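Colleague: Sharing upload_27.pdb (PDB, C-alpha atoms) below.
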ATOM      1  CA  MET S 110     203.401 184.622 156.564
ATOM      2  CA  CYS S 111     204.440 181.684 158.655
ATOM      3  CA  ASP S 112     204.411 181.870 162.437
ATOM      4  CA  VAL S 113     207.197 180.015 164.203
ATOM      5  CA  VAL S 114     206.518 178.845 167.725
ATOM      6  CA  HIS S 115     209.488 177.922 169.834
ATOM      7  CA  ASN S 116     208.959 175.252 172.434
ATOM      8  CA  LEU S 117     211.256 176.026 175.335
ATOM      9  CA  ARG S 118     210.252 172.901 177.301
ATOM     10  CA  GLY S 119     211.362 170.388 174.741
ATOM     11  CA  PRO S 120     209.676 168.638 171.900
ATOM     12  CA  ARG S 121     207.010 166.753 173.900
ATOM     13  CA  VAL S 122     204.500 169.007 175.560
ATOM     14  CA  GLY S 123     200.810 169.027 175.186
ATOM     15  CA  THR S 124     198.749 165.997 174.365
ATOM     16  CA  GLU S 125     201.668 163.717 173.480
ATOM     17  CA  ARG S 126     203.310 164.247 176.887
ATOM     18  CA  MET S 127     199.959 163.841 178.687
ATOM     19  CA  ALA S 128     199.231 160.623 176.790
ATOM     20  CA  GLY S 129     202.676 159.318 177.730
ATOM     21  CA  ALA S 130     202.067 160.205 181.385
ATOM     22  CA  ARG S 131     198.674 158.473 181.278
ATOM     23  CA  ASP S 132     200.231 155.327 179.818
ATOM     24  CA  GLU S 133     202.932 155.378 182.499
ATOM     25  CA  MET S 134     200.277 155.854 185.217
ATOM     26  CA  LYS S 135     198.244 152.946 183.824
ATOM     27  CA  ALA S 136     201.345 150.738 183.900
ATOM     28  CA  LYS S 137     202.090 151.735 187.513
ATOM     29  CA  THR S 138     198.472 151.157 188.548
ATOM     30  CA  LEU S 139     198.506 147.749 186.902
ATOM     31  CA  LEU S 140     201.774 146.889 188.651
ATOM     32  CA  VAL S 141     200.353 147.888 192.052
ATOM     33  CA  ALA S 142     197.198 145.858 191.388
ATOM     34  CA  VAL S 143     199.229 142.785 190.431
ATOM     35  CA  LEU S 144     201.438 143.134 193.520
ATOM     36  CA  LEU S 145     198.375 143.452 195.774
ATOM     37  CA  TRP S 146     196.793 140.420 194.136
ATOM     38  CA  ALA S 147     200.004 138.448 194.639
ATOM     39  CA  ALA S 148     200.155 139.441 198.308
ATOM     40  CA  VAL S 149     196.516 138.573 198.941
ATOM     41  CA  GLY S 150     196.391 135.704 196.450
ATOM     42  CA  PRO S 151     196.650 132.975 199.121
ATOM     43  CA  CYS S 152     193.551 134.378 200.813
ATOM     44  CA  VAL S 153     190.345 132.747 199.717
ATOM     45  CA  ALA S 154     187.061 134.562 200.085
ATOM     46  CA  LEU S 155     183.956 132.501 200.706
ATOM     47  CA  ALA S 156     180.574 134.012 201.378
ATOM     48  CA  GLN S 157     179.404 133.638 204.966
ATOM     49  CA  SER S 158     175.898 133.394 206.315
ATOM     50  CA  ALA S 159     174.594 133.061 209.844
ATOM     51  CA  GLY S 160     174.332 129.251 209.609
ATOM     52  CA  ASP S 161     177.844 128.763 208.250
ATOM     53  CA  ALA S 162     179.513 129.088 211.645
ATOM     54  CA  ASP S 163     177.591 126.068 212.942
ATOM     55  CA  ARG S 164     178.537 124.122 209.823
ATOM     56  CA  PHE S 165     182.272 124.851 209.998
ATOM     57  CA  PHE S 166     182.996 125.322 213.712
ATOM     58  CA  GLY S 167     182.223 123.920 217.118
ATOM     59  CA  LEU S 168     182.067 126.073 220.256
ATOM     60  CA  GLU S 169     182.474 125.199 223.920
ATOM     61  CA  TRP S 170     182.361 127.854 226.641
ATOM     62  CA  ALA S 171     181.785 128.523 230.317
ATOM     63  CA  GLY S 172     181.807 131.449 232.683
ATOM     64  CA  GLY S 173     184.990 131.853 234.653
ATOM     65  CA  GLU S 174     187.274 134.416 236.154
ATOM     66  CA  ARG S 175     190.860 135.571 235.938
ATOM     67  CA  ARG S 176     192.486 137.568 238.745
ATOM     68  CA  GLY S 177     189.111 138.049 240.359
ATOM     69  CA  ARG S 178     187.460 139.451 237.224
ATOM     70  CA  PRO S 179     184.663 137.595 235.388
ATOM     71  CA  ASN S 180     185.205 136.249 231.901
ATOM     72  CA  VAL S 181     183.924 133.733 229.401
ATOM     73  CA  ASN S 182     186.437 131.154 228.231
ATOM     74  CA  GLY S 183     186.265 128.166 225.985
ATOM     75  CA  TYR S 184     187.339 126.607 222.724
ATOM     76  CA  VAL S 185     186.646 127.079 219.026
ATOM     77  CA  VAL S 186     186.966 123.882 216.979
ATOM     78  CA  ASN S 187     187.586 124.212 213.246
ATOM     79  CA  ASN S 188     185.858 121.303 211.501
ATOM     80  CA  TYR S 189     186.727 122.576 208.019
ATOM     81  CA  ARG S 190     189.769 121.952 205.812
ATOM     82  CA  MET S 191     190.812 125.619 205.698
ATOM     83  CA  ARG S 192     192.435 127.873 208.276
ATOM     84  CA  ALA S 193     190.114 130.478 209.847
ATOM     85  CA  ALA S 194     191.642 133.813 210.817
ATOM     86  CA  ASN S 195     190.406 137.005 212.461
ATOM     87  CA  MET S 196     187.436 135.234 214.025
ATOM     88  CA  ARG S 197     184.960 137.592 215.679
ATOM     89  CA  LEU S 198     182.856 136.466 218.616
ATOM     90  CA  VAL S 199     179.845 138.041 220.312
ATOM     91  CA  ILE S 200     179.401 137.095 223.972
ATOM     92  CA  GLU S 201     175.997 137.729 225.505
ATOM     93  CA  SER S 202     175.484 137.705 229.257
ATOM     94  CA  LEU S 203     172.057 136.211 230.003
ATOM     95  CA  ASP S 204     169.878 136.498 233.080
ATOM     96  CA  ALA S 205     168.088 133.531 234.697
ATOM     97  CA  THR S 206     165.258 133.724 232.132
ATOM     98  CA  GLY S 207     167.681 133.687 229.181
ATOM     99  CA  LYS S 208     167.243 137.378 228.373
ATOM    100  CA  PRO S 209     170.439 139.182 227.260
ATOM    101  CA  VAL S 210     171.558 141.766 229.827
ATOM    102  CA  ASP S 211     174.946 142.684 228.329
ATOM    103  CA  THR S 212     176.987 142.072 225.190
ATOM    104  CA  THR S 213     180.711 142.122 224.590
ATOM    105  CA  SER S 214     182.986 140.939 221.815
ATOM    106  CA  GLY S 215     185.895 138.555 221.553
ATOM    107  CA  PHE S 216     188.502 137.685 218.982
ATOM    108  CA  VAL S 217     190.431 134.573 217.943
ATOM    109  CA  ALA S 218     193.389 135.299 215.676
ATOM    110  CA  ASP S 219     193.983 131.888 214.102
ATOM    111  CA  VAL S 220     192.158 128.549 214.040
ATOM    112  CA  PRO S 221     193.989 125.956 211.902
ATOM    113  CA  PRO S 222     192.005 123.177 210.199
ATOM    114  CA  GLY S 223     191.048 120.454 212.661
ATOM    115  CA  ALA S 224     192.335 122.478 215.618
ATOM    116  CA  ARG S 225     190.779 123.306 218.969
ATOM    117  CA  VAL S 226     191.829 126.829 220.014
ATOM    118  CA  TYR S 227     191.310 128.429 223.428
ATOM    119  CA  PHE S 228     189.668 131.851 223.791
ATOM    120  CA  GLU S 229     188.968 134.110 226.731
ATOM    121  CA  ALA S 230     186.957 137.338 226.837
ATOM    122  CA  PRO S 231     186.338 139.587 229.840
ATOM    123  CA  VAL S 232     182.740 140.431 230.756
ATOM    124  CA  LYS S 233     181.516 143.330 232.911
ATOM    125  CA  GLN S 234     179.856 141.180 235.556
ATOM    126  CA  LYS S 235     179.024 137.553 236.267
ATOM    127  CA  ALA S 236     175.823 136.296 234.694
ATOM    128  CA  ALA S 237     173.578 133.283 235.158
ATOM    129  CA  ARG S 238     174.518 132.036 231.672
ATOM    130  CA  TYR S 239     176.327 133.141 228.537
ATOM    131  CA  ARG S 240     175.806 132.697 224.828
ATOM    132  CA  VAL S 241     178.759 132.826 222.404
ATOM    133  CA  THR S 242     178.236 133.337 218.686
ATOM    134  CA  ILE S 243     180.789 133.412 215.874
ATOM    135  CA  THR S 244     179.879 136.440 213.773
ATOM    136  CA  GLY S 245     182.654 136.423 211.180
ATOM    137  CA  TRP S 246     186.038 135.113 210.070
ATOM    138  CA  ASP S 247     188.406 135.120 207.133
ATOM    139  CA  TRP S 248     189.412 131.926 205.351
ATOM    140  CA  ARG S 249     193.102 131.369 204.689
ATOM    141  CA  GLU S 250     194.855 128.503 202.979
ATOM    142  CA  ALA S 251     196.250 126.070 205.503
ATOM    143  CA  ALA S 252     200.003 126.306 206.031
ATOM    144  CA  GLY S 253     202.012 123.788 204.067
ATOM    145  CA  GLN S 254     199.539 123.470 201.208
TER
END
In structure tokens, what does this structure look like?
Modeller:
Amino acid sequence: MCDVVHNLRGPRVGTERMAGARDEMKAKTLLVAVLLWAAVGPCVALAQSAGDADRFFGLEWAGGERRGRPNVNGYVVNNYRMRAANMRLVIESLDATGKPVDTTSGFVADVPPGARVYFEAPVKQKAARYRVTITGWDWREAAGQ
């Protein structure tokens, strides 16, 4: 006796359909990965260490004020051949003995190669001195290369 099974959903159900769906999903995943790589391709990742900032950048800063509120302002100088983006700064307010009494952060969006870019960051109160440290950045290819 032969059992006949009718497939009401069409000829491809079960493992063949699942394998086809998996192959399609792999192709879509690969396509998304390639598109992401193409979008981020111009970005170059270099490892950063604490001493790298001193090697690649110069910093100048002073305490100041804007509209009666204290701030730290100055310049970041990019001495490297690549554009630095998303630069993070830590600004420490120091007392007369050099001890940190407060910390805040700053940000510089874009520092082209060879450029000197102004920054300004508000601080809570005036201090005897300040210390500014570059804590991170992203390398980008310079425009026009």
Colleague: Would you mind telling me which residue in S:Arg249, S:Gly173, S:Arg238, S:Lys137 lies nearest to S:Thr206 when using all atoms listed in the file?
Modeller: S:Arg238
Colleague: What is the distance between atom CA of S:Glu250 and atom CA of S:Asp163, in Å to one decimal?
Modeller: 20.1 Å
Colleague: Quick one: which residues end up in the PyMOL selection byres ((chain S and resi 183-198) around 9) for this structure, as a PyMOL selection string?
Modeller: chain S and resi 164-172+181-182+199-200+213-229+241-252
Colleague: S:Gly207: which residues within 9 Å, counting only C-alpha atoms, same-chain residues fewer than 5 positions away excluded, as a ChimeraX atom specification?
Modeller: /S:202,237-239
Colleague: Between atom CA of S:Arg240 and atom CA of S:Val210, measure the distance and give it in Å to one decimal.
Modeller: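 Taking atom CA of S:Arg240 as the start and atom CA of S:Val210 as the end point, the length is 11.2 Å.
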Colleague: Work out how far atom CA of S:Lys208 is from atom CA of S:Arg175, in Å to one decimal.
Modeller: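 Computing the Euclidean distance for atom CA of S:Arg175 and atom CA of S:Lys208 yields 24.9 Å.
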